[in-house]
>>> print(open('target.txt').read())   # compact mmCIF, C-alpha atoms and all ligand atoms
# COMPACT_ATOMS: atom_id res chain seq x y z
CA MET A 28 30.28 29.66 13.90
CA ARG A 29 26.72 28.37 13.99
CA ALA A 30 26.16 24.64 13.90
CA ASP A 31 23.25 23.34 11.86
CA SER A 32 23.31 19.71 12.98
CA GLN A 33 20.21 17.61 12.35
CA ASP A 34 20.58 16.25 15.88
CA PRO A 35 18.92 18.74 18.24
CA HIS A 36 21.22 17.66 21.13
CA LEU A 37 24.31 18.36 19.09
CA SER A 38 22.84 21.59 17.90
CA ALA A 39 22.10 22.64 21.48
CA LEU A 40 25.63 21.69 22.46
CA ALA A 41 27.22 23.59 19.63
CA ASN A 42 25.11 26.61 20.51
CA ALA A 43 25.65 26.50 24.28
CA VAL A 44 24.95 29.96 25.58
CA ASP A 45 27.54 30.11 28.35
CA LEU A 46 30.14 27.94 30.13
CA ASP A 47 27.59 26.68 32.69
CA ASP A 48 25.28 25.59 29.91
CA LEU A 49 28.21 23.95 28.11
CA ARG A 50 29.26 22.07 31.23
CA ARG A 51 25.70 20.82 31.86
CA GLN A 52 25.54 19.44 28.32
CA LEU A 53 29.02 17.87 28.32
CA ASP A 54 28.51 16.09 31.63
CA PRO A 55 26.05 13.38 30.42
CA LEU A 56 28.34 12.77 27.42
CA ASP A 57 31.19 11.89 29.84
CA PHE A 58 33.28 14.83 28.79
CA MET A 59 35.06 16.93 31.39
CA ALA A 60 36.21 20.36 30.33
CA GLY A 61 39.90 20.80 31.19
CA TRP A 62 39.15 24.20 32.76
CA ASN A 63 36.70 22.53 35.18
CA LYS A 64 39.14 19.99 36.65
CA GLN A 65 38.26 19.14 40.28
CA GLU A 66 41.89 18.41 41.12
CA PRO A 67 45.19 19.19 39.42
CA SER A 68 46.46 16.34 37.26
CA LEU A 69 50.09 17.43 37.30
CA TRP A 70 52.36 18.62 40.08
CA ARG A 71 55.91 19.85 40.43
CA GLU A 72 57.39 16.83 42.25
CA PRO A 73 56.23 13.29 43.09
CA ARG A 74 53.39 13.08 45.62
CA THR A 75 52.13 9.94 47.28
CA ASP A 76 49.55 8.98 49.86
CA PHE A 77 51.64 5.94 50.81
CA LYS A 78 53.36 6.33 54.16
CA PRO A 79 56.76 5.33 55.48
CA VAL A 80 55.87 2.63 58.03
CA ALA A 81 57.46 -0.37 59.73
CA TRP A 82 56.05 -3.79 60.58
CA ARG A 83 57.47 -5.84 63.44
CA TRP A 84 58.54 -9.44 62.92
CA GLU A 85 57.80 -10.14 66.59
CA ALA A 86 54.16 -9.16 66.09
CA ALA A 87 53.90 -10.99 62.76
CA LYS A 88 55.29 -14.18 64.33
CA ALA A 89 52.81 -14.00 67.22
CA GLY A 90 49.98 -13.48 64.72
CA LEU A 91 51.11 -16.34 62.48
CA ASP A 92 51.51 -18.68 65.45
CA ALA A 93 47.94 -17.89 66.51
CA ALA A 94 46.79 -18.44 62.91
CA GLY A 95 48.63 -21.78 63.01
CA ARG A 96 46.27 -22.89 65.80
CA LEU A 97 43.18 -21.43 64.15
CA ILE A 98 43.45 -22.19 60.42
CA ASP A 99 45.28 -24.81 58.39
CA ALA A 100 47.24 -24.07 55.24
CA GLU A 101 44.68 -25.81 53.03
CA GLN A 102 41.83 -23.63 54.29
CA ALA A 103 43.92 -20.49 54.21
CA GLU A 104 45.41 -21.20 50.73
CA ARG A 105 48.42 -19.31 52.08
CA ARG A 106 48.79 -18.61 55.81
CA ASN A 107 50.07 -15.10 55.48
CA LEU A 108 49.83 -11.65 56.98
CA PHE A 109 49.89 -8.83 54.45
CA MET A 110 51.63 -5.60 55.30
CA VAL A 111 48.95 -3.06 54.42
CA ASN A 112 50.00 0.55 54.13
CA PRO A 113 47.65 2.44 56.50
CA ILE A 114 46.18 4.99 54.10
CA ALA A 115 42.55 5.74 53.32
CA GLY A 116 40.93 3.24 50.98
CA ASN A 117 43.85 0.80 50.90
CA HIS A 118 43.19 -2.77 52.02
CA TYR A 119 46.08 -4.56 50.40
CA ALA A 120 49.10 -2.80 48.92
CA THR A 121 52.30 -2.21 50.88
CA LEU A 122 53.39 0.43 48.36
CA ARG A 123 51.86 1.60 45.07
CA THR A 124 53.34 -1.28 43.02
CA LEU A 125 54.37 -3.86 45.62
CA VAL A 126 52.94 -6.02 48.34
CA ALA A 127 54.73 -7.88 51.12
CA ALA A 128 53.46 -10.55 53.50
CA TYR A 129 54.84 -12.76 56.26
CA GLN A 130 54.00 -16.42 55.71
CA MET A 131 54.19 -19.53 57.88
CA LEU A 132 53.87 -23.24 57.07
CA LEU A 133 53.55 -25.80 59.87
CA PRO A 134 55.31 -29.18 59.85
CA GLY A 135 53.30 -31.62 57.75
CA GLU A 136 51.52 -28.90 55.79
CA LYS A 137 51.49 -28.17 52.08
CA ALA A 138 50.56 -24.92 50.38
CA ARG A 139 49.13 -26.00 47.05
CA THR A 140 50.67 -25.08 43.75
CA HIS A 141 49.40 -22.25 41.61
CA ARG A 142 50.75 -19.75 39.12
CA HIS A 143 49.93 -16.15 38.34
CA SER A 144 51.16 -13.23 36.28
CA PRO A 145 52.58 -11.32 39.24
CA ASN A 146 56.23 -12.02 40.01
CA ALA A 147 56.98 -13.28 43.51
CA LEU A 148 60.01 -13.80 45.66
CA ARG A 149 60.67 -14.80 49.24
CA LEU A 150 63.20 -13.97 51.91
CA VAL A 151 63.49 -16.95 54.26
CA LEU A 152 63.50 -16.05 57.97
CA ASP A 153 63.32 -19.16 60.15
CA VAL A 154 63.19 -22.72 58.86
CA ALA A 155 64.46 -26.06 60.09
CA ASP A 156 65.16 -28.96 57.72
CA ASP A 157 62.78 -30.14 55.02
CA CYS A 158 60.87 -26.94 54.44
CA TYR A 159 60.85 -26.32 50.71
CA THR A 160 59.27 -24.61 47.78
CA VAL A 161 58.52 -26.35 44.48
CA VAL A 162 59.00 -24.11 41.44
CA ASP A 163 58.04 -25.61 38.06
CA GLY A 164 58.51 -29.11 39.49
CA VAL A 165 61.90 -28.40 41.07
CA ARG A 166 62.10 -28.76 44.84
CA ILE A 167 64.24 -26.08 46.47
CA ASP A 168 65.01 -26.63 50.15
CA MET A 169 64.72 -23.39 52.12
CA GLN A 170 67.58 -22.12 54.26
CA PRO A 171 67.56 -19.03 56.49
CA GLY A 172 68.58 -15.90 54.56
CA ASP A 173 67.70 -17.37 51.16
CA VAL A 174 66.15 -15.19 48.49
CA LEU A 175 64.04 -17.47 46.28
CA LEU A 176 62.38 -16.32 43.05
CA THR A 177 59.11 -17.47 41.56
CA PRO A 178 58.84 -15.48 38.32
CA GLY A 179 55.43 -14.61 36.87
CA MET A 180 53.53 -17.68 35.57
CA SER A 181 55.94 -20.18 37.14
CA TRP A 182 54.10 -22.91 39.08
CA HIS A 183 54.89 -22.68 42.78
CA GLY A 184 53.80 -24.31 46.01
CA HIS A 185 55.42 -25.05 49.35
CA GLY A 186 55.84 -28.01 51.70
CA ASN A 187 57.13 -28.52 55.20
CA GLU A 188 58.21 -32.05 56.13
CA GLY A 189 60.47 -30.82 58.91
CA SER A 190 60.09 -30.57 62.67
CA ALA A 191 59.54 -26.80 63.02
CA PRO A 192 57.32 -24.17 61.40
CA GLY A 193 58.84 -22.36 58.42
CA TYR A 194 58.58 -18.56 58.27
CA TRP A 195 59.43 -16.29 55.39
CA ILE A 196 58.52 -12.95 53.80
CA ASP A 197 56.83 -12.83 50.38
CA PHE A 198 57.24 -9.86 48.03
CA LEU A 199 55.13 -9.50 44.89
CA ASP A 200 54.35 -6.94 42.21
CA VAL A 201 50.61 -7.69 42.50
CA PRO A 202 49.56 -4.01 42.87
CA LEU A 203 51.42 -3.17 39.64
CA VAL A 204 49.66 -6.02 37.83
CA GLN A 205 46.33 -4.86 39.28
CA LEU A 206 47.06 -1.36 37.95
CA LEU A 207 48.00 -2.53 34.44
CA GLU A 208 45.36 -5.36 34.57
CA PRO A 209 47.16 -8.27 32.83
CA MET A 210 46.21 -10.61 35.71
CA PHE A 211 46.03 -14.39 35.14
CA LEU A 212 45.83 -17.16 37.75
CA ASP A 213 45.86 -20.98 37.36
CA LEU A 214 45.38 -23.49 40.18
CA TRP A 215 46.98 -26.93 40.49
CA GLU A 216 45.30 -29.74 42.43
CA GLY A 217 47.53 -30.02 45.53
CA LEU A 218 51.29 -29.70 45.38
CA GLN A 219 52.96 -30.19 41.99
CA PRO A 220 54.98 -33.45 41.89
CA VAL A 221 58.70 -33.03 42.44
CA ALA A 222 60.77 -33.93 39.35
CA ASP A 223 64.09 -32.61 40.65
CA ASN A 224 65.61 -31.38 43.93
CA THR A 225 68.37 -28.79 43.72
CA ARG A 226 69.51 -25.44 45.06
CA GLU A 227 71.59 -24.85 41.93
CA SER A 228 69.18 -22.54 40.17
CA PRO A 229 69.02 -18.97 38.90
CA TYR A 230 66.03 -18.66 41.27
CA VAL A 231 68.12 -19.31 44.40
CA PHE A 232 70.36 -16.77 46.17
CA SER A 233 71.81 -18.31 49.31
CA MET A 234 73.03 -16.19 52.22
CA ALA A 235 76.53 -17.64 51.69
CA SER A 236 76.61 -16.66 48.01
CA MET A 237 75.31 -13.15 48.74
CA GLN A 238 77.84 -12.71 51.58
CA ALA A 239 80.64 -13.82 49.26
CA GLN A 240 79.53 -11.34 46.60
CA LEU A 241 79.26 -8.57 49.22
CA ALA A 242 82.79 -9.31 50.44
CA GLN A 243 84.05 -8.60 46.90
CA ALA A 244 81.89 -5.51 46.41
CA SER A 245 83.10 -1.93 46.44
CA ALA A 246 81.07 1.09 47.46
CA ASP A 247 78.73 2.52 44.80
CA GLU A 248 78.56 6.22 43.83
CA HIS A 249 76.64 6.97 47.04
CA GLY A 250 78.98 5.03 49.30
CA ARG A 251 76.58 2.09 49.60
CA MET A 252 78.04 -1.38 50.11
CA ARG A 253 75.40 -3.25 48.23
CA ILE A 254 74.98 -5.87 45.55
CA ARG A 255 72.16 -6.24 43.08
CA LEU A 256 70.93 -9.80 42.73
CA ASP A 257 71.03 -10.97 39.13
CA ALA A 258 67.34 -11.68 38.61
CA PRO A 259 66.42 -11.11 34.95
CA SER A 260 63.48 -13.52 35.36
CA ILE A 261 61.73 -10.83 37.44
CA PRO A 262 61.82 -7.86 35.09
CA THR A 263 59.70 -5.48 37.20
CA THR A 264 61.69 -5.73 40.38
CA ALA A 265 65.24 -4.94 41.52
CA LEU A 266 66.68 -6.82 44.50
CA PHE A 267 69.55 -5.51 46.59
CA MET A 268 71.46 -6.77 49.61
CA GLN A 269 73.25 -4.04 51.52
CA THR A 270 75.66 -4.17 54.44
CA LEU A 271 75.50 -1.33 56.96
CA THR A 272 78.21 -0.58 59.48
CA GLY A 273 77.08 0.15 63.04
CA GLY A 274 77.25 3.88 63.77
CA GLU A 275 77.65 4.91 60.12
CA ALA A 276 74.68 6.73 58.62
CA THR A 277 74.14 6.40 54.87
CA THR A 278 73.85 9.33 52.44
CA ARG A 279 70.32 10.74 52.32
CA LEU A 280 68.97 9.80 48.91
CA ARG A 281 65.69 10.44 47.15
CA SER A 282 64.55 8.29 44.26
CA THR A 283 61.30 7.93 42.35
CA GLU A 284 61.36 4.18 42.99
CA ASN A 285 59.24 2.51 45.70
CA GLN A 286 61.35 0.48 48.12
CA ILE A 287 60.59 -2.22 50.67
CA PHE A 288 63.36 -3.01 53.15
CA ALA A 289 63.60 -6.21 55.18
CA VAL A 290 66.12 -6.57 57.97
CA VAL A 291 68.17 -9.74 57.56
CA SER A 292 70.31 -8.97 60.60
CA GLY A 293 71.34 -6.12 62.88
CA ALA A 294 69.42 -3.14 64.22
CA GLY A 295 69.06 0.57 63.79
CA ASP A 296 66.66 3.18 62.53
CA SER A 297 66.03 4.86 59.23
CA GLN A 298 64.86 8.33 58.39
CA ILE A 299 62.30 8.04 55.58
CA GLY A 300 61.09 11.51 54.65
CA GLU A 301 59.92 13.07 57.93
CA GLN A 302 59.50 9.71 59.62
CA SER A 303 62.03 7.93 61.80
CA LEU A 304 61.53 4.15 61.91
CA SER A 305 63.44 1.79 64.18
CA TRP A 306 64.10 -1.80 63.12
CA SER A 307 65.72 -5.07 64.02
CA ARG A 308 65.97 -8.57 62.53
CA GLY A 309 62.92 -9.69 60.54
CA ASP A 310 61.25 -6.27 60.51
CA VAL A 311 60.02 -4.70 57.28
CA PHE A 312 59.81 -0.98 56.53
CA VAL A 313 58.99 0.99 53.42
CA ALA A 314 60.10 4.09 51.57
CA PRO A 315 57.44 5.37 49.15
CA GLY A 316 58.82 7.16 46.08
CA TRP A 317 60.63 10.49 46.49
CA HIS A 318 61.02 10.18 50.26
CA ALA A 319 64.63 10.84 51.28
CA VAL A 320 66.08 7.61 52.71
CA GLN A 321 68.83 7.49 55.30
CA HIS A 322 69.75 4.37 57.28
CA ARG A 323 71.34 4.78 60.71
CA PRO A 324 72.40 1.36 61.94
CA THR A 325 73.20 1.05 65.63
CA LYS A 326 74.83 -2.34 64.92
CA ASP A 327 76.30 -3.89 61.79
CA ALA A 328 73.31 -4.85 59.68
CA LEU A 329 72.22 -6.55 56.48
CA LEU A 330 69.29 -4.98 54.66
CA PHE A 331 67.38 -6.59 51.81
CA CYS A 332 65.67 -4.17 49.43
CA VAL A 333 62.88 -4.90 46.95
CA SER A 334 62.30 -2.02 44.54
CA ASP A 335 60.24 -1.20 41.46
CA LEU A 336 63.28 0.63 40.03
CA PRO A 337 63.31 -1.34 36.71
CA VAL A 338 59.79 -0.11 35.92
CA HIS A 339 60.85 3.52 36.43
CA GLU A 340 64.04 2.99 34.43
CA LYS A 341 62.46 1.15 31.52
CA LEU A 342 59.73 3.76 31.19
CA GLY A 343 62.16 6.67 31.41
CA PHE A 344 60.71 8.01 34.68
CA HIS A 345 63.57 7.33 37.04
CA ARG A 346 65.17 10.25 38.88
CA SER A 347 67.21 10.41 42.04
CA ARG A 348 68.80 13.17 44.06
CA VAL A 349 71.16 13.38 47.00
CA GLU A 350 69.66 15.38 49.88
CA GLY A 351 71.87 17.66 51.99
C1 LIG B 1 51.42 -16.07 46.68
O1 LIG B 1 51.21 -16.81 45.58
C2 LIG B 1 52.22 -16.56 47.73
O2 LIG B 1 52.74 -18.57 46.63
C3 LIG B 1 52.44 -15.76 48.83
O3 LIG B 1 53.31 -18.36 48.69
C4 LIG B 1 51.90 -14.51 48.93
C5 LIG B 1 50.53 -12.76 48.02
C6 LIG B 1 49.72 -12.29 47.04
C7 LIG B 1 49.44 -13.04 45.92
C8 LIG B 1 50.00 -14.29 45.77
C9 LIG B 1 52.80 -17.92 47.67
C10 LIG B 1 51.08 -14.03 47.92
C11 LIG B 1 50.83 -14.80 46.78
>>> encode(input="target.txt", output="structure tokens")
Amino acid sequence: MRADSQDPHLSALANAVDLDDLRRQLDPLDFMAGWNKQEPSLWREPRTDFKPVAWRWEAAKAGLDAAGRLIDAEQAERRNLFMVNPIAGNHYATLRTLVAAYQMLLPGEKARTHRHSPNALRLVLDVADDCYTVVDGVRIDMQPGDVLLTPGMSWHGHGNEGSAPGYWIDFLDVPLVQLLEPMFLDLWEGLQPVADNTRESPYVFSMASMQAQLAQASADEHGRMRIRLDAPSIPTTALFMQTLTGGEATTRLRSTENQIFAVVSGAGDSQIGEQSLSWSRGDVFVAPGWHAVQHRPTKDALLFCVSDLPVHEKLGFHRSRVEG
């Protein structure tokens, strides 16, 4: 068919003499011919650049203690060390959708209140008395082993009026929000005033309450002794606490979800895809999607898992498979 457009460019396009000519004319119009794709856009099974890696609590603590001498919490905004997956071009994310960071607050310091669309939560490592977070005006005193939620757009800041530094691990869905782009951030002047002080909150999971729930739990379909924390306020993220028995390896499982593991107690190693990672208390390690995961505790252990499973499930993308 001949095109008789008035526009000479369109006419030239419609009458392109060969594929090279067509490509040259489509290029400045920001069209890419499907047959000229530089890279495949589909593949048979999940692929990721993200790597299975581990971060050591011992190293993080040494780094945070140095930072404690060198920068105060006000200057730093948050005194934290992000766990950056070591892949080309990445300067932030721990996995595709999630980021984790170790944070420390010195006695007498405050980390000022802010709020943002990303959901956040913390796993408390070491605190003495009077280290707390303030979520929407409610002071929550931190205790070791706590999982504390700060859902998206809830005001949150931290204070330490105790005698020892407070250390914890932050987990956020910031990379997911960056991908989808609904990012909002509001800053408060200083720390939000405390209107109430309680640990009775749907945002608080104490070690004692999680242990009690685990004691009642039975093994899931894959033999895992694990509970899922009831956290509907954080719709993008699933939180699990799992007990591992020393010497008993778990079933090798693949799932499309991205998982961050933090070691609450115990020691061992895990096989994540081709990689073997050893761990002990306070360490963090990651399983990018579709890597087979097998934990091999050398001692009884408690593992905390932060996963983007709800995103996969809600969007109909979730798949898992037991590996032989
Ligand atoms: C954040 O708000 C906190 O409030 C910690 O303590 C870590 C990492 C990325 C973005 C926001 C906090 C964070 C964060």
>>> closest_residue(input="target.txt", among="A:Ser245, A:Thr283, A:Thr140, A:Thr121", to="Asp335 (chain A)", atoms="only C-alpha atoms")
A:Thr283
>>> atom_distance(input="target.txt", atom1="CA of Leu199 (chain A)", atom2="CA of Ala276 (chain A)")
28.9 Å
>>> closest_residue(input="target.txt", among="A:Asp197, A:Glu248, A:Glu188, A:Glu350", to="ligand LIG 1 (chain B)", atoms="only C-alpha atoms and all ligand atoms")
A:Asp197
>>> residues_around(input="target.txt", residues="Leu40 (chain A)", least_positions_apart="5", cutoff="8 Å", atoms="all atoms listed in the file", output="ChimeraX atom specification")
/A:49,52-53
>>> atom_distance(input="target.txt", atom1="CA of Glu72 (chain A)", atom2="CA of Ala289 (chain A)")
27.1 Å
